[in-house]
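Peer 1: Structure file my_file17.txt (compact mmCIF, C-alpha atoms) right here:
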# COMPACT_ATOMS: atom_id res chain seq x y z
CA MET A 1 -239.62 122.65 -0.98
CA LEU A 2 -237.73 125.98 -0.83
CA PHE A 3 -234.65 124.29 0.70
CA SER A 4 -234.63 121.69 -2.08
CA LEU A 5 -234.76 124.40 -4.77
CA LEU A 6 -231.85 126.33 -3.18
CA LEU A 7 -229.78 123.14 -2.88
CA LEU A 8 -230.42 122.36 -6.55
CA PHE A 9 -229.40 125.93 -7.55
CA PHE A 10 -226.03 125.90 -5.76
CA THR A 11 -225.28 122.33 -6.80
CA SER A 12 -225.86 123.21 -10.44
CA PHE A 13 -223.51 126.23 -10.39
CA SER A 14 -220.78 124.94 -8.05
CA PRO A 15 -218.49 123.71 -10.91
CA ILE A 16 -218.50 127.17 -12.42
CA LEU A 17 -217.60 128.76 -9.09
CA THR A 18 -214.85 126.31 -8.19
CA ASN A 19 -213.25 126.17 -11.66
CA ALA A 20 -213.28 129.89 -12.39
CA VAL A 21 -210.00 131.00 -14.02
CA PRO A 22 -208.60 134.46 -13.20
CA ASN A 23 -208.30 136.82 -16.15
CA MET A 24 -206.18 139.84 -17.02
CA LEU A 25 -207.51 143.32 -16.53
CA PRO A 26 -208.79 144.64 -19.89
CA SER A 27 -206.43 147.63 -19.72
CA GLU A 28 -203.36 145.39 -19.32
CA ALA A 29 -204.53 143.01 -22.03
CA GLU A 30 -204.97 145.89 -24.45
CA ALA A 31 -201.50 147.26 -23.63
CA LEU A 32 -200.03 143.82 -24.25
CA PHE A 33 -201.84 143.47 -27.59
CA LYS A 34 -200.44 146.83 -28.72
CA ILE A 35 -196.92 145.81 -27.67
CA MET A 36 -197.10 142.55 -29.58
CA ASP A 37 -198.59 144.18 -32.68
CA SER A 38 -195.74 146.71 -32.79
CA ILE A 39 -192.94 144.24 -32.06
CA SER A 40 -193.68 140.84 -33.57
CA SER A 41 -195.47 139.44 -36.60
CA ASP A 42 -195.02 135.81 -35.54
CA ALA A 43 -198.76 135.41 -34.98
CA SER A 44 -202.08 137.21 -35.04
CA TRP A 45 -201.86 137.81 -31.34
CA ARG A 46 -205.37 139.11 -30.69
CA THR A 47 -207.10 136.20 -32.40
CA SER A 48 -204.61 133.38 -31.82
CA TYR A 49 -204.02 134.16 -28.15
CA PRO A 50 -207.05 136.07 -26.84
CA ASN A 51 -206.15 135.17 -23.23
CA PRO A 52 -202.36 135.80 -23.01
CA CYS A 53 -201.92 134.51 -19.44
CA LYS A 54 -204.37 131.62 -19.60
CA PRO A 55 -202.82 128.32 -18.48
CA GLY A 56 -202.62 125.92 -21.39
CA SER A 57 -202.53 128.68 -23.99
CA LEU A 58 -199.88 130.90 -22.45
CA TRP A 59 -198.09 133.08 -24.96
CA PRO A 60 -194.46 132.25 -25.77
CA GLY A 61 -192.04 134.70 -24.17
CA ILE A 62 -194.39 135.68 -21.39
CA GLU A 63 -194.73 134.91 -17.70
CA CYS A 64 -197.68 135.89 -15.57
CA ARG A 65 -198.44 135.84 -11.87
CA LEU A 66 -201.59 136.07 -9.81
CA GLY A 67 -201.95 139.35 -7.99
CA THR A 68 -203.63 140.03 -4.67
CA ASP A 69 -206.56 141.41 -6.68
CA ASN A 70 -207.16 137.88 -8.05
CA HIS A 71 -206.20 139.00 -11.57
CA LEU A 72 -203.35 137.67 -13.70
CA HIS A 73 -200.60 140.19 -14.44
CA VAL A 74 -197.68 140.07 -16.87
CA SER A 75 -194.46 139.78 -14.86
CA LYS A 76 -191.85 138.94 -17.54
CA LEU A 77 -191.49 139.55 -21.29
CA TYR A 78 -188.82 138.03 -23.55
CA PHE A 79 -188.30 139.04 -27.19
CA GLY A 80 -185.87 138.27 -29.98
CA THR A 81 -184.58 134.75 -29.46
CA ASN A 82 -186.27 131.36 -29.86
CA PRO A 83 -188.55 130.09 -28.47
CA ASN A 84 -189.62 133.65 -27.67
CA PRO A 85 -191.32 135.93 -30.21
CA THR A 86 -188.97 137.30 -32.85
CA CYS A 87 -189.01 140.97 -33.76
CA LYS A 88 -190.05 142.32 -37.14
CA THR A 89 -187.71 144.62 -39.05
CA THR A 90 -189.83 147.67 -38.27
CA ALA A 91 -189.84 147.02 -34.51
CA SER A 92 -189.07 149.95 -32.22
CA PHE A 93 -188.99 150.23 -28.46
CA PRO A 94 -192.66 150.24 -27.30
CA TYR A 95 -193.58 152.82 -24.69
CA GLN A 96 -196.66 150.71 -23.81
CA ILE A 97 -194.30 148.43 -21.90
CA PHE A 98 -194.70 150.72 -18.93
CA HIS A 99 -198.46 150.35 -18.99
CA LEU A 100 -197.89 146.93 -17.44
CA PRO A 101 -197.57 147.93 -13.78
CA TYR A 102 -196.59 144.47 -12.53
CA LEU A 103 -193.82 143.88 -15.08
CA GLN A 104 -190.59 142.81 -13.33
CA SER A 105 -188.31 141.59 -16.16
CA LEU A 106 -187.97 142.80 -19.75
CA PHE A 107 -185.63 141.29 -22.35
CA PHE A 108 -185.01 142.51 -25.90
CA HIS A 109 -182.16 140.47 -27.42
CA ASN A 110 -181.21 140.88 -31.09
CA CYS A 111 -184.49 142.65 -31.67
CA PHE A 112 -183.90 146.18 -33.00
CA THR A 113 -181.73 145.32 -35.97
CA HIS A 114 -183.00 147.37 -38.93
CA THR A 115 -185.06 150.39 -37.88
CA ARG A 116 -183.22 152.99 -35.83
CA THR A 117 -184.91 153.29 -32.47
CA ARG A 118 -184.29 155.09 -29.21
CA LEU A 119 -184.70 153.89 -25.66
CA SER A 120 -187.73 155.86 -24.48
CA LEU A 121 -188.72 155.86 -20.83
CA PRO A 122 -191.45 157.84 -19.08
CA PHE A 123 -191.07 159.01 -15.50
CA LEU A 124 -192.62 156.27 -13.38
CA SER A 125 -193.44 156.61 -9.72
CA ASN A 126 -194.44 152.99 -9.06
CA SER A 127 -192.52 150.81 -11.53
CA SER A 128 -192.03 147.18 -10.49
CA LEU A 129 -189.27 146.61 -13.09
CA GLN A 130 -186.32 144.75 -11.56
CA GLN A 131 -184.46 143.63 -14.69
CA LEU A 132 -184.03 145.55 -17.94
CA SER A 133 -181.99 143.73 -20.59
CA LEU A 134 -181.52 145.23 -24.06
CA ARG A 135 -178.66 143.32 -25.68
CA SER A 136 -177.33 142.93 -29.22
CA ASN A 137 -179.59 145.54 -30.82
CA PRO A 138 -177.46 147.25 -33.50
CA SER A 139 -180.17 149.82 -34.32
CA LEU A 140 -180.77 150.93 -30.73
CA PHE A 141 -179.01 154.30 -30.51
CA GLY A 142 -178.97 157.57 -28.62
CA GLN A 143 -178.43 158.36 -24.97
CA ILE A 144 -179.79 156.67 -21.90
CA PRO A 145 -182.73 158.90 -20.98
CA PRO A 146 -182.61 160.62 -17.57
CA GLN A 147 -185.99 159.06 -16.76
CA ILE A 148 -184.12 155.86 -15.96
CA SER A 149 -183.73 157.30 -12.48
CA SER A 150 -187.43 156.58 -11.83
CA LEU A 151 -186.92 152.79 -12.04
CA LYS A 152 -186.36 152.57 -8.30
CA SER A 153 -186.79 148.78 -8.12
CA LEU A 154 -184.22 148.06 -10.85
CA GLN A 155 -181.60 145.48 -9.82
CA ILE A 156 -180.09 144.39 -13.15
CA LEU A 157 -179.38 146.80 -16.01
CA THR A 158 -177.97 145.21 -19.17
CA LEU A 159 -177.58 147.48 -22.21
CA SER A 160 -174.66 145.74 -23.92
CA GLN A 161 -173.84 145.43 -27.64
CA ASN A 162 -176.02 148.28 -28.86
CA ARG A 163 -175.21 151.71 -30.34
CA LEU A 164 -175.98 153.77 -27.26
CA SER A 165 -173.85 156.88 -26.86
CA GLY A 166 -173.24 160.05 -24.90
CA PRO A 167 -172.38 160.39 -21.21
CA LEU A 168 -173.94 158.29 -18.50
CA PRO A 169 -176.81 160.08 -16.79
CA ALA A 170 -176.12 160.86 -13.15
CA GLY A 171 -179.57 159.45 -12.39
CA ILE A 172 -178.21 155.91 -12.62
CA SER A 173 -176.50 156.54 -9.29
CA TRP A 174 -179.91 157.05 -7.68
CA LEU A 175 -180.92 153.44 -8.36
CA SER A 176 -179.79 152.13 -5.00
CA ALA A 177 -181.17 148.62 -5.61
CA LEU A 178 -178.82 147.98 -8.56
CA VAL A 179 -176.75 144.83 -8.22
CA HIS A 180 -175.40 144.49 -11.76
CA ILE A 181 -174.66 146.99 -14.55
CA ASP A 182 -173.47 145.92 -18.01
CA LEU A 183 -173.07 148.74 -20.55
CA SER A 184 -170.32 147.08 -22.58
CA TYR A 185 -169.85 147.35 -26.35
CA ASN A 186 -171.51 150.71 -26.95
CA VAL A 187 -170.11 154.15 -27.77
CA PHE A 188 -170.53 155.90 -24.43
CA THR A 189 -168.26 158.90 -23.88
CA GLY A 190 -167.26 161.24 -21.09
CA ALA A 191 -166.04 160.51 -17.59
CA ILE A 192 -167.20 157.69 -15.34
CA PRO A 193 -169.53 159.49 -12.94
CA PHE A 194 -168.15 159.95 -9.45
CA GLN A 195 -171.68 159.25 -8.18
CA LEU A 196 -171.45 155.59 -9.19
CA GLY A 197 -169.80 155.11 -5.82
CA ASN A 198 -173.24 155.52 -4.28
CA LEU A 199 -174.33 152.14 -5.66
CA VAL A 200 -173.04 150.23 -2.66
CA ASN A 201 -174.99 147.07 -3.53
CA LEU A 202 -173.24 146.58 -6.87
CA VAL A 203 -171.73 143.15 -7.43
CA GLY A 204 -170.87 143.58 -11.12
CA LEU A 205 -169.88 146.68 -13.13
CA ASP A 206 -168.97 146.28 -16.82
CA LEU A 207 -168.24 149.44 -18.84
CA SER A 208 -165.82 147.78 -21.26
CA PHE A 209 -165.48 148.54 -25.00
CA ASN A 210 -166.72 152.11 -24.94
CA SER A 211 -165.00 155.50 -25.21
CA PHE A 212 -164.93 156.63 -21.60
CA THR A 213 -162.22 159.16 -20.76
CA GLY A 214 -160.69 160.62 -17.63
CA ILE A 215 -159.63 158.75 -14.52
CA ILE A 216 -161.19 155.98 -12.49
CA PRO A 217 -163.04 157.95 -9.80
CA SER A 218 -161.78 157.38 -6.28
CA SER A 219 -165.38 156.66 -5.24
CA ILE A 220 -164.93 153.22 -6.80
CA GLY A 221 -163.54 152.17 -3.43
CA GLN A 222 -166.99 152.57 -1.88
CA LEU A 223 -168.31 149.54 -3.79
CA GLY A 224 -167.36 147.06 -1.10
CA MET A 225 -169.53 144.24 -2.49
CA LEU A 226 -168.11 144.47 -6.02
CA GLN A 227 -166.89 141.15 -7.42
CA LYS A 228 -166.43 142.04 -11.09
CA LEU A 229 -165.01 145.31 -12.45
CA ASP A 230 -164.38 145.54 -16.19
CA LEU A 231 -163.22 148.89 -17.57
CA SER A 232 -161.15 147.48 -20.43
CA SER A 233 -160.97 148.98 -23.93
CA ASN A 234 -161.72 152.62 -23.14
CA SER A 235 -159.51 155.73 -23.07
CA LEU A 236 -159.05 156.00 -19.32
CA VAL A 237 -155.90 157.69 -18.01
CA GLY A 238 -153.91 158.30 -14.87
CA PRO A 239 -152.76 155.86 -12.22
CA ILE A 240 -154.97 153.19 -10.71
CA PRO A 241 -156.62 154.86 -7.70
CA VAL A 242 -155.47 153.81 -4.25
CA SER A 243 -159.09 153.27 -3.24
CA ILE A 244 -159.29 150.20 -5.47
CA VAL A 245 -157.50 148.16 -2.80
CA LYS A 246 -160.64 148.48 -0.66
CA LEU A 247 -162.52 146.14 -3.01
CA SER A 248 -161.79 143.07 -0.94
CA SER A 249 -164.57 141.02 -2.59
CA LEU A 250 -163.18 141.54 -6.10
CA THR A 251 -162.57 138.33 -8.08
CA PHE A 252 -162.31 139.78 -11.61
CA LEU A 253 -160.48 143.01 -12.54
CA ALA A 254 -160.01 143.99 -16.19
CA LEU A 255 -158.29 147.27 -17.09
CA SER A 256 -156.69 146.30 -20.42
CA ASN A 257 -156.36 148.57 -23.45
CA ASN A 258 -156.53 151.97 -21.77
CA ARG A 259 -153.93 154.69 -21.14
CA PHE A 260 -153.09 154.00 -17.51
CA ARG A 261 -149.56 154.80 -16.41
CA GLY A 262 -147.49 155.02 -13.28
CA SER A 263 -147.04 152.85 -10.22
CA PHE A 264 -149.51 150.38 -8.86
CA PRO A 265 -151.22 151.46 -5.62
CA ILE A 266 -149.65 150.22 -2.41
CA GLY A 267 -151.84 147.61 -0.78
CA LEU A 268 -152.68 145.44 -3.78
CA SER A 269 -152.14 142.40 -1.58
CA LYS A 270 -155.44 143.23 0.16
CA LEU A 271 -157.29 141.93 -2.90
CA GLN A 272 -157.05 138.40 -1.59
CA ASN A 273 -160.08 137.13 -3.52
CA LEU A 274 -158.78 138.27 -6.91
CA GLN A 275 -158.67 135.44 -9.45
CA TYR A 276 -158.37 137.33 -12.76
CA PHE A 277 -156.24 140.43 -13.25
CA LEU A 278 -156.18 141.59 -16.88
CA MET A 279 -154.19 144.73 -17.60
CA ASP A 280 -152.59 144.37 -21.02
CA ASP A 281 -151.86 147.30 -23.33
CA ASN A 282 -151.30 150.25 -21.01
CA PRO A 283 -148.22 152.56 -21.00
CA MET A 284 -147.34 151.79 -17.37
CA ASN A 285 -143.52 151.94 -17.81
CA VAL A 286 -142.71 150.84 -14.25
CA PRO A 287 -141.25 147.71 -12.64
CA LEU A 288 -143.66 144.93 -11.78
CA PRO A 289 -144.66 145.08 -8.11
CA GLN A 290 -143.68 142.27 -5.75
CA GLU A 291 -147.09 142.59 -4.13
CA LEU A 292 -148.78 140.85 -7.04
CA GLY A 293 -147.14 137.64 -5.86
CA LYS A 294 -149.23 137.75 -2.69
CA LEU A 295 -152.50 137.34 -4.56
CA VAL A 296 -152.44 133.59 -4.15
CA LYS A 297 -155.89 132.99 -5.66
CA LEU A 298 -154.85 134.44 -9.02
CA GLN A 299 -155.60 132.16 -11.94
CA GLU A 300 -154.91 134.57 -14.80
CA LEU A 301 -152.43 137.44 -14.78
CA ARG A 302 -152.13 139.36 -18.05
CA LEU A 303 -149.74 142.34 -18.15
CA ALA A 304 -148.53 142.31 -21.75
CA ASN A 305 -147.39 145.28 -23.85
CA SER A 306 -147.21 147.82 -21.04
CA GLY A 307 -143.56 148.89 -20.86
CA TYR A 308 -142.69 147.00 -17.67
CA PHE A 309 -138.95 146.81 -17.01
CA GLY A 310 -136.63 145.24 -14.48
CA ALA A 311 -136.70 141.65 -13.29
CA ILE A 312 -139.75 139.43 -13.03
CA PRO A 313 -140.51 139.47 -9.28
CA SER A 314 -139.51 136.25 -7.55
CA SER A 315 -142.80 136.46 -5.63
CA PHE A 316 -144.64 135.44 -8.81
CA THR A 317 -143.45 131.89 -8.16
CA LEU A 318 -145.78 131.81 -5.14
CA LEU A 319 -148.89 132.06 -7.34
CA ILE A 320 -149.71 128.38 -6.97
CA ASN A 321 -153.16 128.66 -8.62
CA LEU A 322 -151.89 130.45 -11.72
CA SER A 323 -152.95 128.91 -15.03
CA THR A 324 -152.10 131.81 -17.36
CA LEU A 325 -149.27 134.34 -17.16
CA SER A 326 -148.83 136.79 -20.03
CA LEU A 327 -145.87 139.19 -19.80
CA GLN A 328 -144.97 139.49 -23.49
CA ASP A 329 -143.94 142.67 -25.29
CA ASN A 330 -142.37 144.41 -22.32
CA ARG A 331 -138.76 145.28 -21.37
CA LEU A 332 -138.28 142.71 -18.64
CA GLY A 333 -134.71 141.58 -18.03
CA GLY A 334 -132.75 139.18 -15.86
CA GLU A 335 -133.43 135.47 -15.65
CA ILE A 336 -136.69 133.58 -15.64
CA PRO A 337 -137.47 132.72 -12.00
CA ALA A 338 -136.68 129.04 -11.53
CA GLY A 339 -139.81 128.57 -9.43
CA PHE A 340 -142.05 128.96 -12.48
CA GLY A 341 -141.25 125.35 -13.31
CA THR A 342 -142.90 124.21 -10.06
CA LEU A 343 -146.24 125.90 -10.75
CA SER A 344 -148.29 122.76 -11.33
CA ARG A 345 -151.43 124.51 -12.63
CA ILE A 346 -149.85 126.78 -15.20
CA TYR A 347 -150.76 125.88 -18.76
CA HIS A 348 -150.12 129.13 -20.61
CA LEU A 349 -146.89 131.08 -20.17
CA ASN A 350 -145.92 133.87 -22.55
CA LEU A 351 -142.67 135.73 -21.86
CA SER A 352 -141.88 136.54 -25.48
CA ARG A 353 -140.30 139.73 -26.80
CA ASN A 354 -138.57 140.88 -23.64
CA LEU A 355 -134.91 141.22 -22.61
CA LEU A 356 -134.65 138.02 -20.61
CA GLY A 357 -131.40 136.06 -20.48
CA GLY A 358 -129.74 133.00 -19.00
CA VAL A 359 -130.65 129.35 -19.11
CA VAL A 360 -134.35 128.46 -19.35
CA PRO A 361 -135.00 126.81 -15.95
CA PHE A 362 -137.66 124.28 -17.02
CA ASN A 363 -137.41 120.52 -17.20
CA SER A 364 -138.67 118.31 -20.03
CA SER A 365 -141.99 117.51 -18.35
CA PHE A 366 -142.76 121.24 -18.05
CA PHE A 367 -142.03 121.74 -21.76
CA LYS A 368 -144.25 118.82 -22.69
CA ARG A 369 -147.10 119.95 -20.48
CA LEU A 370 -147.25 123.44 -21.96
CA GLY A 371 -146.27 122.60 -25.52
CA ARG A 372 -147.24 125.47 -27.83
CA ASN A 373 -148.67 127.37 -24.89
CA LEU A 374 -145.13 128.23 -23.86
CA ASP A 375 -143.71 131.19 -25.77
CA LEU A 376 -140.18 132.43 -25.04
CA THR A 377 -139.37 133.83 -28.48
CA GLY A 378 -137.79 137.23 -28.94
CA ASN A 379 -135.40 137.00 -25.97
CA PRO A 380 -131.95 136.75 -27.63
CA GLY A 381 -130.19 136.25 -24.30
CA LEU A 382 -132.09 133.07 -23.46
CA CYS A 383 -130.80 129.58 -24.15
CA PHE A 384 -131.86 126.13 -23.06
CA ASN A 385 -129.88 123.23 -21.69
CA PRO A 386 -129.20 120.67 -24.46
CA ASN A 387 -129.40 117.90 -21.85
CA GLN A 388 -133.15 118.53 -21.66
CA ASN A 389 -133.46 116.86 -25.07
CA TYR A 390 -136.34 119.19 -25.92
CA ASN A 391 -136.41 121.94 -28.51
CA VAL A 392 -137.78 125.33 -27.48
CA ILE A 393 -139.08 127.26 -30.46
CA GLY A 394 -137.22 130.52 -30.91
CA VAL A 395 -134.61 129.78 -28.21
CA ASN A 396 -131.03 128.70 -28.95
CA VAL A 397 -129.23 125.81 -27.35
CA CYS A 398 -126.74 126.95 -24.71
CA LYS A 399 -123.12 126.49 -25.67
CA THR A 400 -121.35 123.83 -23.65
CA GLY A 401 -118.93 126.39 -22.29
CA SER A 402 -121.70 128.41 -20.69
CA LEU A 403 -122.97 125.44 -18.71
CA THR A 404 -119.43 124.47 -17.66
CA LYS A 405 -118.65 127.98 -16.49
CA LYS A 406 -121.93 128.11 -14.61
CA SER A 407 -121.03 124.93 -12.78
CA GLN A 408 -117.54 126.21 -11.99
CA ALA A 409 -118.91 129.49 -10.80
CA SER A 410 -121.25 127.76 -8.39
CA HIS A 411 -118.37 125.74 -6.91
CA GLN A 412 -115.89 128.60 -6.69
CA GLY A 413 -118.33 131.03 -5.15
CA PHE A 414 -118.27 133.48 -8.04
CA PRO A 415 -120.59 136.42 -7.47
CA LEU A 416 -124.00 136.23 -9.10
CA PHE A 417 -123.46 139.22 -11.34
CA PHE A 418 -120.41 137.54 -12.89
CA LEU A 419 -122.28 134.30 -13.42
CA PHE A 420 -125.19 136.19 -15.01
CA GLY A 421 -122.80 137.92 -17.41
CA VAL A 422 -121.19 134.64 -18.49
CA LEU A 423 -124.59 133.13 -19.24
CA ILE A 424 -125.71 136.07 -21.31
CA ILE A 425 -122.52 136.15 -23.42
CA ASN A 426 -122.58 132.45 -24.16
CA CYS A 427 -126.23 132.23 -25.09
CA PHE A 428 -125.79 134.14 -28.35
If you convert what's in this file into structure tokens, what do you get?
Peer 2:
Amino acid sequence: MLFSLLLLFFTSFSPILTNAVPNMLPSEAEALFKIMDSISSDASWRTSYPNPCKPGSLWPGIECRLGTDNHLHVSKLYFGTNPNPTCKTTASFPYQIFHLPYLQSLFFHNCFTHTRTRLSLPFLSNSSLQQLSLRSNPSLFGQIPPQISSLKSLQILTLSQNRLSGPLPAGISWLSALVHIDLSYNVFTGAIPFQLGNLVNLVGLDLSFNSFTGIIPSSIGQLGMLQKLDLSSNSLVGPIPVSIVKLSSLTFLALSNNRFRGSFPIGLSKLQNLQYFLMDDNPMNVPLPQELGKLVKLQELRLANSGYFGAIPSSFTLLINLSTLSLQDNRLGGEIPAGFGTLSRIYHLNLSRNLLGGVVPFNSSFFKRLGRNLDLTGNPGLCFNPNQNYNVIGVNVCKTGSLTKKSQASHQGFPLFFLFGVLIINCF
């Protein structure tokens, strides 16, 4: 009789035991309710979603995971873009975020748009946060707080397109797990901290469109895993440091719109993985280095408006993967290297507003392939062969005499400097 009663008891309650659903800890649930109440008015969160992590009624913009304590914990929060919760106009950065001890990823995109708010961080000894992304928040202002140094697990830091200002806190260099930093499109000032060289796991560093001053610290060469370095549109000065040639993994290098000047560092050819080199708008005022022609993986090379003079290095014709070459608004002279016409992947070539001369060395198929993406205007010494039967905008047709004299010179063994002079005179 007793055995039968016990069997009936366990049989009756077994569905409840086997189908039990883990819940959130009350303290975490309350923290989450406060966060949602302060950020979003999309729903009545406490009544509409009383169990935020419950399967089947999971909140939008939230991810949860089961912990070893058999409780559900918030691991990711997304705000500001559909289908995630949108932010109300009075939203400000919620300090309760850090009352979620298992939170790994936090995204606020286009969220703080009306009410001025600061990035507030407490000192945290056990934060699990791996990704912090605050992007496109025009009312997020002020400095990065020094407490950021306590986010020891942080791997991705994205604070782009805000109104953050001031110098970078040295504490960022203590975050040894960082793999990617994007602080672009803010109003940061001061020097790039030398201590950033301690972040040896960095793969991407983007400090573009700020107001950083001073030089590129030589410690940049310690970032051996770096693949992307973007320092464009700041007020950086001095020469490019020699240590930059140690970045053998670099595929993208952007230094445009700064105040760099002087010679390129010897050893640029060591950057054999470089695919994009963007360095427009700097007062370099030096000849172009032959070494750039050894970077055979280059796809884009942009060196416009930087005072370069002398001839275009013949080694540039070895850049077989080049699709874009921009050398406009410099003081480059001599002839266009004939080998440019054999670069089968080039689709954008801008040599305008230089001091180039001689006959344009391209055939009709090259002109047709590039079309309007070929710009040779502003080089009065250039002319093109009328036999090509193709008009080059902004370039005159060579006079018949110049072509005849060139042919005669080649047969009679005239020296190159004489031939060059004849071409220049007859192209006007």
Peer 1: So how many Å separate atom CA of A:Leu175 and atom CA of A:Lys152, to one decimal?
Peer 2: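 Atom CA of A:Lys152 lies at a distance of 5.5 Å from atom CA of A:Leu175.
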Peer 1: Residues at most 12 Å from A:Asn210, counting all atoms listed in the file, excluding those fewer than 2 positions away in the same chain, as JSON, numbers by chain?
Peer 2: {"A": [160, 161, 162, 163, 164, 165, 166, 167, 168, 182, 183, 184, 185, 186, 187, 188, 189, 190, 191, 192, 206, 207, 208, 212, 213, 230, 231, 232, 233, 234, 235, 236, 257, 258]}
Peer 1: May I have the residues within 12 Å of A:Ala29 as JSON, numbers by chain, using only C-alpha atoms and disregarding those fewer than 4 positions away in the same chain?
Peer 2: {"A": [23, 24, 25, 33, 34, 35, 36, 45, 46, 49, 50, 51, 52, 53, 54, 64, 71, 72, 73, 74, 96, 97, 99, 100, 101]}
Peer 1: Find, counting all atoms listed in the file, the residue in A:Asn137, A:Thr117, A:Gln104, A:Asn373 that gets nearest to A:Ser153.
Peer 2: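 The closest residue to A:Ser153 is A:Gln104.
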Peer 1: Just checking: using only C-alpha atoms, which residue out of A:Asn330, A:Thr158, A:Gln143, A:Ser48 ends up closest to A:Leu356?
Peer 2: A:Asn330
Peer 1: Between A:Arg302, A:Lys297, A:Arg353, A:Arg118, which has the minimum distance to A:Ala254 (counting only C-alpha atoms)?
Peer 2: A:Arg302
Peer 1: Atom CA of A:Cys87 to atom CA of A:Thr115: how many Å, to one decimal?
Peer 2: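 For atom CA of A:Cys87 relative to atom CA of A:Thr115, the distance reads 11.0 Å.
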Peer 1: Considering only C-alpha atoms, can you say which of A:Pro386, A:Pro83, A:Gly224, A:Gly394 comes closest to A:Leu199?
Peer 2: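 Closest residue, counting only C-alpha atoms: A:Gly224.
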Peer 1: In Å to one decimal, how far is atom CA of A:Asn201 from atom CA of A:Tyr78?
Peer 2: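 Atom CA of A:Asn201 lies 26.0 Å from atom CA of A:Tyr78.
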Peer 1: List as a list in words the protein and nucleic acid residues near A:Lys76, meaning an atom at most 7 Å away when all atoms listed in the file are counted, but skip any in the same chain fewer than 4 places from it.
Peer 2: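 Within the cut-off, the hits are Ile62, Glu63, Cys64, Leu103, Gln104, Ser105 and Leu106 of chain A.
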Peer 1: Determine, counting all atoms listed in the file, which protein, DNA and RNA residues have an atom within 6 Å of an atom of stretch 279-284 of chain A; residues of the same chain fewer than 3 positions away are not included. Present the result as a list in words.
Peer 2: Leu255, Ser256, Asn257, Asn258, Arg259, Phe260, Arg261, Gly262, Arg302, Leu303, Ala304, Asn305, Ser306 and Gly307 of chain A
Peer 1: So, counting only C-alpha atoms, which residue among A:Val242, A:Ala31, A:Leu327, A:Ile181 is closest to A:Ile216?
Peer 2: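 Distance minimum relative to A:Ile216 lands on A:Val242.
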Peer 1: Got a sec to check which residues sit within 10 Å of (-143.1, 122.0, -10.1), counting all atoms listed in the file, and write them as an NGL selection string?
Peer 2: :A and (320 or 338-346 or 362-363 or 365-366)
Peer 1: From the list A:Ser364, A:Gly204, A:Val245, A:Arg372, which residue is nearest A:Asn385 when using all atoms listed in the file?
Peer 2: A:Ser364
Peer 1: Would you mind listing what lies within 12 Å of A:Leu119 as an MDAnalysis selection string, with all atoms listed in the file counted and same-chain residues fewer than 3 positions away left out?
Peer 2: chainID A and resid 92:95 97 108 112 116 122 132:134 137 139:148 159 162:165
Peer 1: With N, CA, C and O atoms as the goal, would you fill in the gaps in stretch 249-257 of chain A and present it as a PDB file, keeping the file's coordinate frame?
Peer 2:
ATOM      1  N   SER A 249    -163.777 142.118  -2.038  1.00  0.00           N
ATOM      2  CA  SER A 249    -164.570 141.020  -2.590  1.00  0.00           C
ATOM      3  C   SER A 249    -164.281 140.770  -4.069  1.00  0.00           C
ATOM      4  O   SER A 249    -164.810 139.829  -4.662  1.00  0.00           O
ATOM      5  N   LEU A 250    -163.424 141.585  -4.666  1.00  0.00           N
ATOM      6  CA  LEU A 250    -163.180 141.540  -6.100  1.00  0.00           C
ATOM      7  C   LEU A 250    -162.547 140.208  -6.511  1.00  0.00           C
ATOM      8  O   LEU A 250    -161.540 139.787  -5.938  1.00  0.00           O
ATOM      9  N   THR A 251    -163.149 139.552  -7.523  1.00  0.00           N
ATOM     10  CA  THR A 251    -162.570 138.330  -8.080  1.00  0.00           C
ATOM     11  C   THR A 251    -162.090 138.538  -9.513  1.00  0.00           C
ATOM     12  O   THR A 251    -161.241 137.786  -9.988  1.00  0.00           O
ATOM     13  N   PHE A 252    -162.640 139.545 -10.201  1.00  0.00           N
ATOM     14  CA  PHE A 252    -162.310 139.780 -11.610  1.00  0.00           C
ATOM     15  C   PHE A 252    -162.060 141.276 -11.796  1.00  0.00           C
ATOM     16  O   PHE A 252    -162.932 142.099 -11.521  1.00  0.00           O
ATOM     17  N   LEU A 253    -160.851 141.619 -12.284  1.00  0.00           N
ATOM     18  CA  LEU A 253    -160.480 143.010 -12.540  1.00  0.00           C
ATOM     19  C   LEU A 253    -159.854 143.099 -13.915  1.00  0.00           C
ATOM     20  O   LEU A 253    -158.815 142.488 -14.178  1.00  0.00           O
ATOM     21  N   ALA A 254    -160.498 143.842 -14.814  1.00  0.00           N
ATOM     22  CA  ALA A 254    -160.010 143.990 -16.190  1.00  0.00           C
ATOM     23  C   ALA A 254    -159.843 145.474 -16.503  1.00  0.00           C
ATOM     24  O   ALA A 254    -160.821 146.226 -16.484  1.00  0.00           O
ATOM     25  N   LEU A 255    -158.610 145.877 -16.785  1.00  0.00           N
ATOM     26  CA  LEU A 255    -158.290 147.270 -17.090  1.00  0.00           C
ATOM     27  C   LEU A 255    -157.501 147.373 -18.393  1.00  0.00           C
ATOM     28  O   LEU A 255    -156.892 148.415 -18.673  1.00  0.00           O
ATOM     29  N   SER A 256    -157.504 146.350 -19.198  1.00  0.00           N
ATOM     30  CA  SER A 256    -156.690 146.300 -20.420  1.00  0.00           C
ATOM     31  C   SER A 256    -157.098 147.362 -21.429  1.00  0.00           C
ATOM     32  O   SER A 256    -158.230 147.860 -21.438  1.00  0.00           O
ATOM     33  N   ASN A 257    -156.123 147.701 -22.289  1.00  0.00           N
ATOM     34  CA  ASN A 257    -156.360 148.570 -23.450  1.00  0.00           C
ATOM     35  C   ASN A 257    -156.941 149.918 -23.045  1.00  0.00           C
ATOM     36  O   ASN A 257    -158.002 150.333 -23.505  1.00  0.00           O
TER      37      ASN A 257
END
